[in-house]
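S.K.: Just dropping this structure here.
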Amino acid sequence: MKKETFELLENYMLSCMDNNAHDKEHIYRVLYTALEIAQSETNVDFDILIAACLLHDIGRKEQFENPKLCHAEVGAIKAYDFMIENGFEENFAAAVSECISAHRFRGDNPPKTIEAKILFDSDKIDVAGTMGIARTLYYNAFLGEPLYNLDENRNVLNGEDDKGVSFFQEYKFKLEKIYSKLKTEKGREIAESRRKSAQDFYESMLSEVSKTYESKEHLKNYLV
C-alpha cells in the first residue's frame with residue numbers, strides 16, 4: 001500500500017473515532033496484531049487487510065448514538081462509500097467492506113475471506129487478557145454500568161446467568177468465550193497466551209467482592 005493511501009485511510013479513521021475503549025490506539029493494536037497473524041498465513045492481500053483494520057470501527061459513533069444500529073454494518077457502508085468517493089476500485093472497496101461487516105463478535109455474519117478472519121481474530125485478541133479486562137472496565141464505566149449485580153438476598157452474582165449488564169456479565173458472556181471463537185492458528189496462539197491473566201483477574205475480583213458481602217450479616221448486630 002502506498003504511504004499516501006495509508007494516510008488517506010488513517011486520517012478518515014481518525015476523524016470518525018471518539019476517545020473511549022474503541023479509540024485510535026485500539027485500531028493500531030488491531031492493525032499490528034493483524035500483520036503479525038498474517039505472517040503465518042498465505043495468499044493474504046495486505047492492502048485489503050490494512051484498509052479493513054484501519055476502518056473497522058468507524059461506525060462506533062453511530063452505534064453509540066443509536067444502540068439499535070450495528071457498528072460493523074454501519075462501518076462497512078461508510079468505508080465502501082468513502083473508498084468509492086476517493087477513487088478506489090469497486091472490487092477493493094467491496095472486499096474491505098466485507099471484512100468490516102464480518103468482524104463483530106455478536107454478529108451473525110461470520111468472516112469468510114482470510115483477510116476477514118485475520119481482522120476478526122485481531123479485534124478479538126484486543127479483548128483477551130488484561131487488555132480486554134481494562135477495556136471492558138473502561139467501557140462499562142463510560143456507560144455507567146456496574147461492576148457486578150446482586151440477587152434478591154444481596155449476594156454477588158458471578159455473571160453466568162445474570163440478566164443485567166455488568167462487568168461480570170460481560171466477562172462470562174464474551175471475554176471468557178473469545179478464545180474458542182478465533183479463526184486462525186496464530187490468532188488462537190496469541191490469545192491463549194493472554195488467557196490466564198484475565199481468568200485470574202475475574203476470579204480474584206469475584207472472590208473479593210463475594211467475601212465482602214458475606215460479612216453483611218454483621219450489620220444486624222448494630223441495628224435496633
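Chain lettering (A, B, ...) mirrors the order of the C-alpha cells, residue numbering begins at 1 for each chain separately, and ligand numbering begins at 1 in order of display.
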Would you mind listing, for every residue of stretch 29-82 of chain A within 10 Å of stretch 95-115 of chain A, the two atoms forming the shortest contact and the distance between them in Å to one decimal, using only C-alpha atoms, sorted by chain and ascending residue number, as JSON lines?
M.R.:
{"residue": "A:Ala34", "atom": "CA", "partner": "A:Glu115", "partner_atom": "CA", "distance": 8.8}
{"residue": "A:Ala38", "atom": "CA", "partner": "A:Glu115", "partner_atom": "CA", "distance": 8.4}
{"residue": "A:Glu41", "atom": "CA", "partner": "A:Ile114", "partner_atom": "CA", "distance": 8.1}
{"residue": "A:Thr42", "atom": "CA", "partner": "A:Ile114", "partner_atom": "CA", "distance": 8.5}
{"residue": "A:Asn43", "atom": "CA", "partner": "A:Ile114", "partner_atom": "CA", "distance": 8.0}
{"residue": "A:Val44", "atom": "CA", "partner": "A:Glu115", "partner_atom": "CA", "distance": 6.4}
{"residue": "A:Asp45", "atom": "CA", "partner": "A:Glu115", "partner_atom": "CA", "distance": 7.0}
{"residue": "A:Phe46", "atom": "CA", "partner": "A:Glu115", "partner_atom": "CA", "distance": 8.0}
{"residue": "A:Asp47", "atom": "CA", "partner": "A:Val96", "partner_atom": "CA", "distance": 9.1}
{"residue": "A:Ile48", "atom": "CA", "partner": "A:Val96", "partner_atom": "CA", "distance": 5.6}
{"residue": "A:Leu49", "atom": "CA", "partner": "A:Glu115", "partner_atom": "CA", "distance": 5.3}
{"residue": "A:Ile50", "atom": "CA", "partner": "A:Val96", "partner_atom": "CA", "distance": 9.0}
{"residue": "A:Ala51", "atom": "CA", "partner": "A:Val96", "partner_atom": "CA", "distance": 6.6}
{"residue": "A:Ala52", "atom": "CA", "partner": "A:Val96", "partner_atom": "CA", "distance": 5.1}
{"residue": "A:Cys53", "atom": "CA", "partner": "A:Ile100", "partner_atom": "CA", "distance": 8.0}
{"residue": "A:Leu54", "atom": "CA", "partner": "A:Ile100", "partner_atom": "CA", "distance": 9.8}
{"residue": "A:Leu55", "atom": "CA", "partner": "A:Ile100", "partner_atom": "CA", "distance": 7.4}
{"residue": "A:His56", "atom": "CA", "partner": "A:Ile100", "partner_atom": "CA", "distance": 5.0}
{"residue": "A:Asp57", "atom": "CA", "partner": "A:Ile100", "partner_atom": "CA", "distance": 7.9}
{"residue": "A:Ile58", "atom": "CA", "partner": "A:Ile100", "partner_atom": "CA", "distance": 9.5}
{"residue": "A:Gly59", "atom": "CA", "partner": "A:Ile100", "partner_atom": "CA", "distance": 9.8}
{"residue": "A:Cys70", "atom": "CA", "partner": "A:Gly107", "partner_atom": "CA", "distance": 8.4}
{"residue": "A:His71", "atom": "CA", "partner": "A:Arg104", "partner_atom": "CA", "distance": 8.4}
{"residue": "A:Ala72", "atom": "CA", "partner": "A:Ser101", "partner_atom": "CA", "distance": 4.7}
{"residue": "A:Glu73", "atom": "CA", "partner": "A:Ser101", "partner_atom": "CA", "distance": 5.1}
{"residue": "A:Val74", "atom": "CA", "partner": "A:Ser101", "partner_atom": "CA", "distance": 8.1}
{"residue": "A:Gly75", "atom": "CA", "partner": "A:Ile100", "partner_atom": "CA", "distance": 6.8}
{"residue": "A:Ala76", "atom": "CA", "partner": "A:Ser97", "partner_atom": "CA", "distance": 4.4}
{"residue": "A:Ile77", "atom": "CA", "partner": "A:Ser97", "partner_atom": "CA", "distance": 6.8}
{"residue": "A:Lys78", "atom": "CA", "partner": "A:Ser97", "partner_atom": "CA", "distance": 8.5}
{"residue": "A:Ala79", "atom": "CA", "partner": "A:Ser97", "partner_atom": "CA", "distance": 6.2}
{"residue": "A:Tyr80", "atom": "CA", "partner": "A:Ser97", "partner_atom": "CA", "distance": 5.7}
{"residue": "A:Asp81", "atom": "CA", "partner": "A:Ser97", "partner_atom": "CA", "distance": 9.3}
S.K.: Dump N, CA, C and O atoms for the selected residues as a CSV table (one decimal), in the first residue's frame?
M.R.:
chain,number,residue,atom,x,y,z
A,34,ALA,N,-2.8,-7.9,13.5
A,34,ALA,CA,-3.2,-8.5,12.2
A,34,ALA,C,-2.0,-8.8,11.3
A,34,ALA,O,-1.9,-9.8,10.6
A,38,ALA,N,-0.8,-12.4,10.0
A,38,ALA,CA,-0.7,-12.6,8.5
A,38,ALA,C,0.6,-13.2,8.1
A,38,ALA,O,0.6,-13.8,7.0
A,41,GLU,N,0.1,-16.8,7.5
A,41,GLU,CA,-1.0,-17.2,6.5
A,41,GLU,C,-0.5,-17.1,5.1
A,41,GLU,O,0.6,-16.4,4.9
A,42,THR,N,-1.2,-17.6,4.2
A,42,THR,CA,-0.8,-17.5,2.8
A,42,THR,C,-1.9,-16.8,2.0
A,42,THR,O,-3.1,-16.7,2.4
A,43,ASN,N,-1.5,-16.2,0.9
A,43,ASN,CA,-2.5,-15.5,-0.1
A,43,ASN,C,-3.2,-14.4,0.6
A,43,ASN,O,-4.4,-14.2,0.3
A,44,VAL,N,-2.6,-13.7,1.5
A,44,VAL,CA,-3.2,-12.5,2.1
A,44,VAL,C,-3.0,-11.3,1.3
A,44,VAL,O,-1.9,-11.0,0.9
A,45,ASP,N,-4.1,-10.6,1.0
A,45,ASP,CA,-4.0,-9.3,0.3
A,45,ASP,C,-3.7,-8.2,1.4
A,45,ASP,O,-4.7,-7.8,2.1
A,46,PHE,N,-2.5,-7.8,1.6
A,46,PHE,CA,-2.2,-6.9,2.7
A,46,PHE,C,-2.8,-5.5,2.5
A,46,PHE,O,-3.1,-4.8,3.5
A,47,ASP,N,-3.1,-5.1,1.3
A,47,ASP,CA,-3.8,-3.8,1.1
A,47,ASP,C,-5.2,-3.9,1.7
A,47,ASP,O,-5.7,-2.9,2.3
A,48,ILE,N,-5.9,-4.9,1.4
A,48,ILE,CA,-7.2,-5.1,1.9
A,48,ILE,C,-7.2,-5.2,3.4
A,48,ILE,O,-8.0,-4.6,4.1
A,49,LEU,N,-6.3,-6.0,3.9
A,49,LEU,CA,-6.2,-6.2,5.4
A,49,LEU,C,-5.9,-4.9,6.1
A,49,LEU,O,-6.6,-4.6,7.1
A,50,ILE,N,-4.9,-4.1,5.6
A,50,ILE,CA,-4.6,-2.9,6.3
A,50,ILE,C,-5.8,-1.9,6.2
A,50,ILE,O,-6.1,-1.3,7.2
A,51,ALA,N,-6.4,-1.8,5.1
A,51,ALA,CA,-7.5,-0.9,5.0
A,51,ALA,C,-8.7,-1.3,5.9
A,51,ALA,O,-9.3,-0.5,6.6
A,52,ALA,N,-8.9,-2.6,6.0
A,52,ALA,CA,-10.0,-3.1,6.8
A,52,ALA,C,-9.7,-2.9,8.3
A,52,ALA,O,-10.6,-2.5,9.1
A,53,CYS,N,-8.5,-3.1,8.7
A,53,CYS,CA,-8.1,-2.9,10.1
A,53,CYS,C,-8.3,-1.4,10.4
A,53,CYS,O,-8.8,-1.0,11.5
A,54,LEU,N,-7.8,-0.5,9.6
A,54,LEU,CA,-7.9,0.9,9.8
A,54,LEU,C,-9.4,1.4,10.0
A,54,LEU,O,-9.7,2.2,10.8
A,55,LEU,N,-10.2,0.8,9.2
A,55,LEU,CA,-11.6,1.4,9.1
A,55,LEU,C,-12.7,0.5,9.9
A,55,LEU,O,-13.8,0.8,9.8
A,56,HIS,N,-12.2,-0.5,10.6
A,56,HIS,CA,-13.2,-1.5,11.1
A,56,HIS,C,-14.2,-0.9,12.1
A,56,HIS,O,-15.3,-1.4,12.3
A,57,ASP,N,-13.8,0.1,12.8
A,57,ASP,CA,-14.6,0.7,13.9
A,57,ASP,C,-15.2,2.1,13.6
A,57,ASP,O,-15.6,2.8,14.5
A,58,ILE,N,-15.2,2.5,12.3
A,58,ILE,CA,-15.6,3.8,12.0
A,58,ILE,C,-17.1,4.0,12.2
A,58,ILE,O,-17.6,5.1,12.1
A,59,GLY,N,-17.9,2.9,12.5
A,59,GLY,CA,-19.3,3.0,12.7
A,59,GLY,C,-19.7,3.1,14.2
A,59,GLY,O,-20.8,3.0,14.5
A,70,CYS,N,-25.9,-1.5,14.2
A,70,CYS,CA,-24.7,-2.4,14.3
A,70,CYS,C,-23.5,-1.6,13.7
A,70,CYS,O,-23.5,-1.3,12.6
A,71,HIS,N,-22.5,-1.4,14.6
A,71,HIS,CA,-21.4,-0.6,14.1
A,71,HIS,C,-20.6,-1.3,12.9
A,71,HIS,O,-20.0,-0.6,12.1
A,72,ALA,N,-20.6,-2.6,12.9
A,72,ALA,CA,-20.0,-3.3,11.8
A,72,ALA,C,-20.7,-3.0,10.5
A,72,ALA,O,-20.1,-2.8,9.4
A,73,GLU,N,-22.0,-3.1,10.5
A,73,GLU,CA,-22.8,-2.8,9.3
A,73,GLU,C,-22.7,-1.4,8.8
A,73,GLU,O,-22.5,-1.1,7.7
A,74,VAL,N,-22.8,-0.5,9.8
A,74,VAL,CA,-22.7,1.0,9.5
A,74,VAL,C,-21.3,1.3,9.0
A,74,VAL,O,-21.1,2.0,8.0
A,75,GLY,N,-20.3,0.7,9.7
A,75,GLY,CA,-18.9,1.0,9.2
A,75,GLY,C,-18.6,0.4,7.9
A,75,GLY,O,-17.8,1.0,7.1
A,76,ALA,N,-19.1,-0.7,7.5
A,76,ALA,CA,-18.9,-1.3,6.2
A,76,ALA,C,-19.4,-0.4,5.1
A,76,ALA,O,-18.8,-0.2,4.1
A,77,ILE,N,-20.6,0.2,5.3
A,77,ILE,CA,-21.2,1.1,4.4
A,77,ILE,C,-20.4,2.4,4.3
A,77,ILE,O,-20.1,2.8,3.2
A,78,LYS,N,-20.0,2.9,5.4
A,78,LYS,CA,-19.2,4.2,5.4
A,78,LYS,C,-17.9,3.9,4.7
A,78,LYS,O,-17.4,4.8,3.9
A,79,ALA,N,-17.2,2.8,5.0
A,79,ALA,CA,-15.9,2.5,4.4
A,79,ALA,C,-16.1,2.4,2.9
A,79,ALA,O,-15.3,3.0,2.1
A,80,TYR,N,-17.1,1.7,2.4
A,80,TYR,CA,-17.3,1.5,1.0
A,80,TYR,C,-17.5,2.8,0.3
A,80,TYR,O,-16.9,3.1,-0.7
A,81,ASP,N,-18.4,3.6,0.9
A,81,ASP,CA,-18.7,4.9,0.2
A,81,ASP,C,-17.5,5.8,0.2
A,81,ASP,O,-17.3,6.5,-0.8
S.K.: If we count only C-alpha atoms, what is near A:Glu36 at a cut-off of 10 Å, once residues fewer than 3 positions away on the same chain are taken out, given as a ChimeraX atom specification?
M.R.: /A:30-33,39-41,118,122,186-187,190
S.K.: For A:Lys163, list every protein, DNA or RNA residue within 12 Å, evaluated using only C-alpha atoms, and leave out those in the same chain fewer than 4 positions away; present the list as a ChimeraX atom specification.
M.R.: /A:148-151,157-159,168-170,172-173
S.K.: I need the residues from that last selection saved to file as a compact mmCIF listing (two decimals), in the first residue's frame (with N, CA and C atoms), if you can.
M.R.:
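The resulting file, selection_16.txt, is shown below:
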# COMPACT_ATOMS: atom_id res chain seq x y z
N TYR A 148 -20.79 -5.41 39.08
CA TYR A 148 -21.48 -6.68 39.35
C TYR A 148 -22.91 -6.37 39.78
N ASN A 149 -23.74 -7.40 39.77
CA ASN A 149 -25.12 -7.28 40.24
C ASN A 149 -25.35 -8.21 41.42
N LEU A 150 -26.44 -7.97 42.16
CA LEU A 150 -26.78 -8.76 43.34
C LEU A 150 -28.11 -9.45 43.15
N ASP A 151 -28.31 -10.61 43.83
CA ASP A 151 -29.61 -11.26 43.81
C ASP A 151 -30.49 -10.64 44.87
N LEU A 157 -23.72 -11.81 42.16
CA LEU A 157 -23.91 -12.70 41.02
C LEU A 157 -22.61 -12.79 40.23
N ASN A 158 -22.26 -13.98 39.80
CA ASN A 158 -20.98 -14.16 39.10
C ASN A 158 -21.04 -13.83 37.62
N GLY A 159 -22.24 -13.44 37.13
CA GLY A 159 -22.39 -13.06 35.72
C GLY A 159 -22.86 -14.18 34.83
N PHE A 168 -19.04 -8.45 35.32
CA PHE A 168 -19.05 -9.90 35.46
C PHE A 168 -19.88 -10.56 34.35
N GLN A 169 -21.01 -9.94 34.01
CA GLN A 169 -21.86 -10.49 32.96
C GLN A 169 -21.14 -10.46 31.61
N GLU A 170 -20.44 -9.38 31.33
CA GLU A 170 -19.71 -9.27 30.06
C GLU A 170 -18.55 -10.27 30.02
N LYS A 172 -18.45 -13.26 31.46
CA LYS A 172 -18.99 -14.60 31.23
C LYS A 172 -19.59 -14.73 29.84
N PHE A 173 -20.19 -13.67 29.33
CA PHE A 173 -20.84 -13.73 28.02
C PHE A 173 -19.84 -13.66 26.87
S.K.: Any chance you could tabulate, as CSV, the residues of stretch 152-204 of chain A at most 8 Å from stretch 125-136 of chain A with each one's nearest atom pair and distance in Å to one decimal, using only C-alpha atoms, in chain and rising number order?
M.R.:
residue,atom,partner,partner_atom,distance
A:Phe167,CA,A:Thr136,CA,7.0
A:Glu170,CA,A:Thr136,CA,7.9
A:Leu175,CA,A:Ala128,CA,6.5
A:Ile178,CA,A:Ala128,CA,7.0
A:Tyr179,CA,A:Ala128,CA,7.8
A:Gly187,CA,A:Ile125,CA,7.3
A:Ile190,CA,A:Ile125,CA,7.4
A:Ala191,CA,A:Ile125,CA,5.5
A:Arg194,CA,A:Gly129,CA,4.3
A:Arg195,CA,A:Gly129,CA,5.2
A:Lys196,CA,A:Gly129,CA,7.1
A:Ser197,CA,A:Gly129,CA,5.5
A:Ala198,CA,A:Gly129,CA,4.5
A:Gln199,CA,A:Gly129,CA,7.9
A:Phe201,CA,A:Thr130,CA,7.9
S.K.: So, with only C-alpha atoms as the atoms that count, which of A:Asp162, A:Asp200, A:Glu10, A:Glu65 lies closest to A:Glu176?
M.R.: A:Asp200
